[in-house]
Structure formats: C-alpha cells, structure tokens
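Here's the structure, in structure tokens; my notes come after.
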Amino acid sequence: MKRHFWVTVSRSALYTAAATALVSCANMPQESADAALQRANTAMGGAALKSISFAGSGTGATFGQAYQPGQAWPKITYSSFSRVADYENAAFREDAARSRAEPSGGGAVPLLGTGEQRTSGFMRGSAAWNMVALAPVAAPVAYDMRVHDLWTTPHGVIKAAMANNPSSTTRMVDGKAITAVSFTVPGRYRATAFINAAGMVEQIDSVQPHPVMGDTLSTIVFSDYKDTGGVKFPARIQQSMGGYPVLDLMVNDVKPNAPAGIEVPALVTAFVERPVASKVAEGVWFLAGGSHNSVVIEMKDHIMLIESPLYDGRAVPTLQEAKKLAGNKPISFVVNSHHHFDHAGGLRSAASDGATLVTSELARGYFETTLANPNSIKPDALQTSGKKAVVSGVNGKRSFTDGERVVEVYYIEGSVHAEGFMMVYLPKEKILIEADAFTPAAPNTPAPAVPNALTLNLVQNIDRLKLDVAQILPLHGRVVPVSELYTAVGKKM
Ligand SMILES: [Zn+2]
C-alpha cells in the first residue's frame, strides 16, 4: 500500500489518504527547492536526458466515461502501453492497445468481448492530435492533459519545477525526510513532487484544467525504480485522476534519449473549430464539421440547443452559430444527451451564456456539484462570467413547446453505455437526435454480422415509445434516414 504524504487528497480512492503519521517539526532542517531538485536530477540521471520512452502493460480507465455519474471510470486492460516524452521539444506521444475490462460505461472502446483497439495520441507546441487509420486528426480537447502527462513524468517534473520558480517544504514521513517541491505553470497545471532521501520522485500531486471537472486533481505514484544506463525510472506507475484510478502500468522497457521524431502534421496546424450548419427542417439545423455534432432548434422566442460538446473552443463558436441561424434569439435550453465528458465539455460555456442545462435527473446533482468547481488554472467562460450553472432534470420524459413546435426528451433505457442516457424527438418533423447509441457507418457499408448492442438497444427504445422516426440526426457522424438504423441491426422496416 502506498501512502499519501501530507497533501490531503479527498477525492482519491486509489490510495488511502493520511494513512501516515506526520511528524511536523518546527526545527526540521529544510532543504531548498533548488537543492532538492539538483539532488534528484543527479540521482535520477536527469541532467543529460533530453527525451525518454517507456513501455509496458497494465490497466487503465476511460476517464470521464463512467456508467453512472460520479462512479469510478470504466476499467480497461492495456496489452501494451507506451509513452515518449521529448523534453527538449516539449512533445509527447502515447500509443496503446486497449480493451474493456467491464461491460458498462462509455469511451470509444469496442464493447466488452468484441475486440482490442489501438490508439495513438500526440502533442507538440500548441497542437494535439490523434492518428486515426493512419491519418492525423486534430484533438485540441486532449491538449491540456497531454501537456500535464509530459511534465508529470519522473524526470519531466524535475525539469518543469526547475524552470518555474519552485518552493519547498521538508518533513519527516515514517522517519524519513521527504522534500515536497511545488510549482505552477500558469494556464497549464500546478504540481507538487515528493522527493525522497534517495533522490527519487516518489509521488506527484497535480491539478490540471478540465472542461467538465474544472480544476482536476491527479495523484501519480512511482515505485520500484530501476537503472537503465544511469537513468533511474520506476517499474510501476499508478495514477488516479478526478478521484478514481486511471492507470496502473508495469513498465518493462525504458529507452533514455531515444529519438522522438514528433512533428505537427500540416493538417493539424491548419485546423480551426468551425461548426458547419445544414438545414434539416424549418427552424432545425444540424451542426457538423467536427467529431461531435449539435442540433439547433428555433422556438418562438428562444433557441434550444441539443448538445454542447467537448470544450470552450468548440462550444463558443457553436453557441454563436446557433444564434446566427435562429435570428439571434437567446439560447434558453441546452440539452445534454448524457454525462460523458466529451458530450458535456461545452456545458460550462452554455451556462455562462445564460442557458438552463437540461440533463437526466440522475445526472443533475452531479453536474450541479461538478460545474460549481472552479477552473482556476485556465479560467474558462463560466469561471470568468462568475455565474452558477442552472441544471434542470428530466425524469424519463419531458416535453418542451412554444405552442407550436414540440420537442420531447426521452430516456434511452437499458443501455450499457450510460445511465440517464437521453434522446430527443421532434414528433412533427419525425426527427430523432441521439448520441453514441448509433453512429452511421460510411454510406453503403454492409450491416455488421453481429449488430452493435447499443444500436439494438436504441431500436428497442424507439419501439417501446412507438416513435415515428423518418430521419436520424446522430451526434457523431452524418444525418441518415431511419432505414440505415434498421439496416445496421439487420431489420427490415
Ligand atoms: Zn457516451
């Protein structure tokens, strides 16, 4: 069992907090931050280290993709996991082969027992991107986390602390002196590195910005340091984030100063968040042009926006475009399909714009608490506005009308994807809006041999509610006639 030192981490479940009797002595000799960092740099072989790559296997989690709001992140298995930290160029790369270790919860990981998925994520300069089927795809929402992950490696944190005006405290823990070195990188993260008597970084407590959680705490524990050509690196890395475990990695390969070769692709440099609108019915627009879509519905004296995903960078132009399309009326309601962070990352922006957030009753309390967290490291629209998010719940079904148009919100019941999973139905227009239950394949793709369980569940819910659907506006992918949904589950209409 690993201990926490003296920073109280109330939301962490990975290690027991305050398990250690702290001996706080006023006359304890204090080590300066500079001295502690120099000592660690020498002991860990960091001075000549320009980059490092490390690989292993273990378990992880899909952060932000809990089945129920507030539950632990769904567990995944890494058959392989590697990172490249290029300190000289402030560049980072992570490759993994992952599969689900439990049946429920979100994340773009194949359902339990249906296979393994490879992922590749990168960061350099001001850009973050993923490789998807050998093509680079900008992933700006991943940027802050990758910056954090680069500089919270064992050697990275020493280099970052040295460059950012650190302070320190030395205390006795279990009869051994530990020096805690703290620093802040404005707009990025803050961290405390715990350096032991042998000069090893044993633990990092950090805070990074997040579009849903605001200031988000991580605890990273490094243990079982081994030597590779004079460079010390832990054989085990355990991390919790936002209160729950996200990584338990057994490292079996370390390469100091391996060439990193991480260059920003031109396609990524040129990327700008731009919602692309298409009209699907009178007063109804589909906003595409990114990984996540939104739908604008014009009511008599206001706008309803279905989904404000990702982060401020997507949400702000989405809110602007919605107003432009619908006569500059106020956006009174923003419906959130479910609590997964990729679908909820623009709710803070929407709240700052004055919208009431409509979510499932199961997620209402969670959002009220979570959206009230400060996002102080990188102040976002909500933080800057000083407003408090107003969250309104849906319990199974809720109807909205302006006297003419009707917008119905329903639970998608019995899905393994999320509890409080919701879809939106426009009865007059026969439009169904849904996220994650059905993402249309490329046109003319033959139906899969085994239908996707989430898609089958969606069809069951449409049948249960006897909804008359003509068109589906999915929050990932393209607008399709309902026949494509039935084809995907091998059903004739
Ligand atoms: Zn989801």
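Chain labels A, B, ... are given in the sequence in which chains occur in the structure tokens; within each chain residues are numbered consecutively from 1, and ligands are likewise numbered from 1 in the order shown.
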Report as a PyMOL selection string which protein, DNA and RNA residues come within 12 Å of ligand 1, using only C-alpha atoms and all ligand atoms. chain A and resi 62-69+74+104-109+292+307+309-310+336-345+415-422+434-439+454+475-476
According to DSSP computed on the backbone, where in region 255-405 of chain A is there helix (DSSP H, G or I)? Give the residues as a PyMOL selection string. chain A and resi 266-269+312-325+341-344+347-352+361-370+381-385
A:Leu325, A:Ala133, A:Ile178, A:Ala85: which is nearest Glu31 (chain A), counting only C-alpha atoms?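 Among A:Leu325, A:Ala133, A:Ile178, A:Ala85, it is A:Ile178 that comes nearest to Glu31 (chain A).
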So which bits of region 377-447 of chain A end up strand (DSSP E or B) when you DSSP the backbone, as number ranges by chain? A: 390-394, 397-401, 406-411, 422-426, 431-434
Judged by only C-alpha atoms, the minimum distance to Val424 (chain A) among A:Leu465, A:Ala351, A:Val459, A:Ile306 is found for A:Ile306
Residue neighbourhood Leu217 (chain A), 6 Å, only C-alpha atoms, exclusion window fewer than 5 positions, as a PyMOL selection string: chain A and resi 206-207+241-242
Considering only C-alpha atoms, return as a PyMOL selection string whatever protein or nucleic-acid residues lie within 8 Å of Gln383 (chain A), sequence-local ones (same chain, fewer than 5 positions apart) excluded. chain A and resi 374-376
With only C-alpha atoms as the counted atoms, please give the residues lying no more than 12 Å from Lys491 (chain A), apart from itself and same-chain residues fewer than 3 positions off, as a PDB file with all heavy atoms, in the first residue's frame.
ATOM      1  N   ALA A 447     -24.330  -4.352 -43.412  1.00  0.00           N
ATOM      2  CA  ALA A 447     -24.625  -4.464 -41.983  1.00  0.00           C
ATOM      3  C   ALA A 447     -23.615  -5.385 -41.325  1.00  0.00           C
ATOM      4  O   ALA A 447     -23.164  -6.354 -41.927  1.00  0.00           O
ATOM      5  CB  ALA A 447     -26.031  -5.009 -41.804  1.00  0.00           C
ATOM      6  N   PRO A 448     -23.234  -5.098 -40.080  1.00  0.00           N
ATOM      7  CA  PRO A 448     -22.288  -5.988 -39.395  1.00  0.00           C
ATOM      8  C   PRO A 448     -22.920  -7.356 -39.146  1.00  0.00           C
ATOM      9  O   PRO A 448     -24.141  -7.465 -39.014  1.00  0.00           O
ATOM     10  CB  PRO A 448     -22.032  -5.262 -38.072  1.00  0.00           C
ATOM     11  CG  PRO A 448     -23.202  -4.351 -37.881  1.00  0.00           C
ATOM     12  CD  PRO A 448     -23.691  -3.991 -39.243  1.00  0.00           C
ATOM     13  N   PRO A 451     -25.019  -7.388 -34.795  1.00  0.00           N
ATOM     14  CA  PRO A 451     -25.398  -5.989 -34.571  1.00  0.00           C
ATOM     15  C   PRO A 451     -24.804  -5.444 -33.274  1.00  0.00           C
ATOM     16  O   PRO A 451     -24.662  -6.174 -32.300  1.00  0.00           O
ATOM     17  CB  PRO A 451     -26.923  -6.032 -34.471  1.00  0.00           C
ATOM     18  CG  PRO A 451     -27.334  -7.362 -34.989  1.00  0.00           C
ATOM     19  CD  PRO A 451     -26.175  -8.284 -34.833  1.00  0.00           C
ATOM     20  N   THR A 455     -26.830  -0.124 -30.516  1.00  0.00           N
ATOM     21  CA  THR A 455     -27.750   0.218 -31.599  1.00  0.00           C
ATOM     22  C   THR A 455     -29.046  -0.598 -31.481  1.00  0.00           C
ATOM     23  O   THR A 455     -30.142  -0.067 -31.656  1.00  0.00           O
ATOM     24  CB  THR A 455     -27.050  -0.021 -32.957  1.00  0.00           C
ATOM     25  OG1 THR A 455     -25.792   0.655 -32.929  1.00  0.00           O
ATOM     26  CG2 THR A 455     -27.864   0.510 -34.103  1.00  0.00           C
ATOM     27  N   LEU A 456     -28.897  -1.872 -31.160  1.00  0.00           N
ATOM     28  CA  LEU A 456     -30.079  -2.719 -30.929  1.00  0.00           C
ATOM     29  C   LEU A 456     -30.937  -2.143 -29.802  1.00  0.00           C
ATOM     30  O   LEU A 456     -32.164  -2.089 -29.905  1.00  0.00           O
ATOM     31  CB  LEU A 456     -29.632  -4.133 -30.511  1.00  0.00           C
ATOM     32  CG  LEU A 456     -29.559  -5.202 -31.586  1.00  0.00           C
ATOM     33  CD1 LEU A 456     -29.054  -6.505 -30.975  1.00  0.00           C
ATOM     34  CD2 LEU A 456     -30.915  -5.416 -32.263  1.00  0.00           C
ATOM     35  N   VAL A 459     -33.008   0.765 -30.993  1.00  0.00           N
ATOM     36  CA  VAL A 459     -34.196   0.321 -31.748  1.00  0.00           C
ATOM     37  C   VAL A 459     -35.283  -0.143 -30.765  1.00  0.00           C
ATOM     38  O   VAL A 459     -36.471   0.185 -30.929  1.00  0.00           O
ATOM     39  CB  VAL A 459     -33.819  -0.796 -32.752  1.00  0.00           C
ATOM     40  CG1 VAL A 459     -35.060  -1.416 -33.383  1.00  0.00           C
ATOM     41  CG2 VAL A 459     -32.885  -0.241 -33.821  1.00  0.00           C
ATOM     42  N   GLN A 460     -34.880  -0.874 -29.746  1.00  0.00           N
ATOM     43  CA  GLN A 460     -35.859  -1.319 -28.731  1.00  0.00           C
ATOM     44  C   GLN A 460     -36.545  -0.131 -28.057  1.00  0.00           C
ATOM     45  O   GLN A 460     -37.741  -0.162 -27.783  1.00  0.00           O
ATOM     46  CB  GLN A 460     -35.157  -2.175 -27.656  1.00  0.00           C
ATOM     47  CG  GLN A 460     -34.822  -3.577 -28.146  1.00  0.00           C
ATOM     48  CD  GLN A 460     -33.711  -4.246 -27.313  1.00  0.00           C
ATOM     49  OE1 GLN A 460     -33.226  -3.678 -26.328  1.00  0.00           O
ATOM     50  NE2 GLN A 460     -33.320  -5.447 -27.716  1.00  0.00           N
ATOM     51  N   VAL A 482     -34.005   6.783 -41.337  1.00  0.00           N
ATOM     52  CA  VAL A 482     -34.092   5.756 -40.295  1.00  0.00           C
ATOM     53  C   VAL A 482     -33.823   4.348 -40.858  1.00  0.00           C
ATOM     54  O   VAL A 482     -33.405   3.454 -40.119  1.00  0.00           O
ATOM     55  CB  VAL A 482     -35.451   5.843 -39.571  1.00  0.00           C
ATOM     56  CG1 VAL A 482     -36.574   5.265 -40.440  1.00  0.00           C
ATOM     57  CG2 VAL A 482     -35.393   5.175 -38.205  1.00  0.00           C
ATOM     58  N   SER A 483     -33.998   4.192 -42.161  1.00  0.00           N
ATOM     59  CA  SER A 483     -33.744   2.877 -42.770  1.00  0.00           C
ATOM     60  C   SER A 483     -32.302   2.414 -42.501  1.00  0.00           C
ATOM     61  O   SER A 483     -32.047   1.217 -42.351  1.00  0.00           O
ATOM     62  CB  SER A 483     -34.017   2.908 -44.273  1.00  0.00           C
ATOM     63  OG  SER A 483     -33.214   3.899 -44.876  1.00  0.00           O
ATOM     64  N   GLU A 484     -31.377   3.353 -42.399  1.00  0.00           N
ATOM     65  CA  GLU A 484     -29.978   2.962 -42.133  1.00  0.00           C
ATOM     66  C   GLU A 484     -29.809   2.385 -40.728  1.00  0.00           C
ATOM     67  O   GLU A 484     -28.981   1.516 -40.499  1.00  0.00           O
ATOM     68  CB  GLU A 484     -29.014   4.145 -42.345  1.00  0.00           C
ATOM     69  CG  GLU A 484     -28.858   4.488 -43.809  1.00  0.00           C
ATOM     70  CD  GLU A 484     -27.524   5.148 -44.134  1.00  0.00           C
ATOM     71  OE1 GLU A 484     -26.542   4.986 -43.383  1.00  0.00           O
ATOM     72  OE2 GLU A 484     -27.479   5.847 -45.165  1.00  0.00           O
ATOM     73  N   LEU A 485     -30.612   2.884 -39.805  1.00  0.00           N
ATOM     74  CA  LEU A 485     -30.583   2.324 -38.447  1.00  0.00           C
ATOM     75  C   LEU A 485     -31.064   0.872 -38.473  1.00  0.00           C
ATOM     76  O   LEU A 485     -30.443  -0.012 -37.872  1.00  0.00           O
ATOM     77  CB  LEU A 485     -31.477   3.162 -37.517  1.00  0.00           C
ATOM     78  CG  LEU A 485     -31.745   2.572 -36.134  1.00  0.00           C
ATOM     79  CD1 LEU A 485     -30.471   2.524 -35.290  1.00  0.00           C
ATOM     80  CD2 LEU A 485     -32.822   3.377 -35.404  1.00  0.00           C
ATOM     81  N   TYR A 486     -32.153   0.646 -39.190  1.00  0.00           N
ATOM     82  CA  TYR A 486     -32.698  -0.716 -39.241  1.00  0.00           C
ATOM     83  C   TYR A 486     -31.779  -1.667 -40.006  1.00  0.00           C
ATOM     84  O   TYR A 486     -31.600  -2.816 -39.621  1.00  0.00           O
ATOM     85  CB  TYR A 486     -34.129  -0.693 -39.813  1.00  0.00           C
ATOM     86  CG  TYR A 486     -35.100  -0.126 -38.785  1.00  0.00           C
ATOM     87  CD1 TYR A 486     -35.523   1.199 -38.855  1.00  0.00           C
ATOM     88  CD2 TYR A 486     -35.536  -0.908 -37.722  1.00  0.00           C
ATOM     89  CE1 TYR A 486     -36.366   1.719 -37.871  1.00  0.00           C
ATOM     90  CE2 TYR A 486     -36.379  -0.395 -36.745  1.00  0.00           C
ATOM     91  CZ  TYR A 486     -36.789   0.927 -36.823  1.00  0.00           C
ATOM     92  OH  TYR A 486     -37.616   1.431 -35.856  1.00  0.00           O
ATOM     93  N   THR A 487     -31.148  -1.165 -41.062  1.00  0.00           N
ATOM     94  CA  THR A 487     -30.178  -1.970 -41.794  1.00  0.00           C
ATOM     95  C   THR A 487     -29.024  -2.374 -40.868  1.00  0.00           C
ATOM     96  O   THR A 487     -28.576  -3.529 -40.885  1.00  0.00           O
ATOM     97  CB  THR A 487     -29.623  -1.190 -43.000  1.00  0.00           C
ATOM     98  OG1 THR A 487     -30.729  -0.788 -43.798  1.00  0.00           O
ATOM     99  CG2 THR A 487     -28.679  -2.038 -43.840  1.00  0.00           C
ATOM    100  N   ALA A 488     -28.568  -1.418 -40.035  1.00  0.00           N
ATOM    101  CA  ALA A 488     -27.419  -1.679 -39.161  1.00  0.00           C
ATOM    102  C   ALA A 488     -27.706  -2.784 -38.151  1.00  0.00           C
ATOM    103  O   ALA A 488     -26.785  -3.436 -37.668  1.00  0.00           O
ATOM    104  CB  ALA A 488     -27.026  -0.397 -38.431  1.00  0.00           C
TER     105      ALA A 488
END
Write out as a PyMOL selection string each polymer residue whose atoms come within 10 Å of Ala35 (chain A), counting only C-alpha atoms; drop sequence neighbours fewer than 5 positions from it. chain A and resi 40-41+168+179
Shell around Ala389 (chain A) at 8 Å using only C-alpha atoms, local window under 4 positions removed, as a list of chain:residue names: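 Result of the neighbour search: A:Arg348, A:Ala351, A:Ser352, A:Thr356, A:Leu357, A:Glu368, A:Leu371, A:Ala372.
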From the options A:Ala288, A:Leu432, A:Ala235, A:Val181, which residue's atoms come nearest to Arg478 (chain A), counting only C-alpha atoms? A:Ala288
Counting only C-alpha atoms, figure out which residue out of A:Met145, A:Ala449, A:Val231, A:Val390 gets nearest to Phe367 (chain A). A:Val390
Per-residue nearest contacts region 319-390 of chain A to region 265-280 of chain A, cut-off 10 Å, using only C-alpha atoms, as CSV:
residue,atom,partner,partner_atom,distance
A:Leu319,CA,A:Pro275,CA,9.6
A:Gln320,CA,A:Pro275,CA,9.6
A:Glu321,CA,A:Pro275,CA,7.2
A:Ala322,CA,A:Ala277,CA,8.9
A:Leu325,CA,A:Ala277,CA,8.5
Just to be explicit: take each residue in the selection above, keep C-alpha atoms, and write the result as a PDB file, in the first residue's frame.
ATOM      1  CA  LEU A 319     -23.375  28.928 -29.468  1.00  0.00           C
ATOM      2  CA  GLN A 320     -22.533  31.810 -31.838  1.00  0.00           C
ATOM      3  CA  GLU A 321     -23.584  29.828 -34.899  1.00  0.00           C
ATOM      4  CA  ALA A 322     -26.852  28.777 -33.225  1.00  0.00           C
ATOM      5  CA  LEU A 325     -29.007  30.754 -37.637  1.00  0.00           C
TER       6      LEU A 325
END
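Between CA of Gly187 (chain A) and CA of Gly156 (chain A) there is a distance of 17.6 Å.
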CA of Asn452 (chain A) and CA of Thr114 (chain A), how far apart in Å?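 Going from CA of Thr114 (chain A) over to CA of Asn452 (chain A), I get 9.7 Å.
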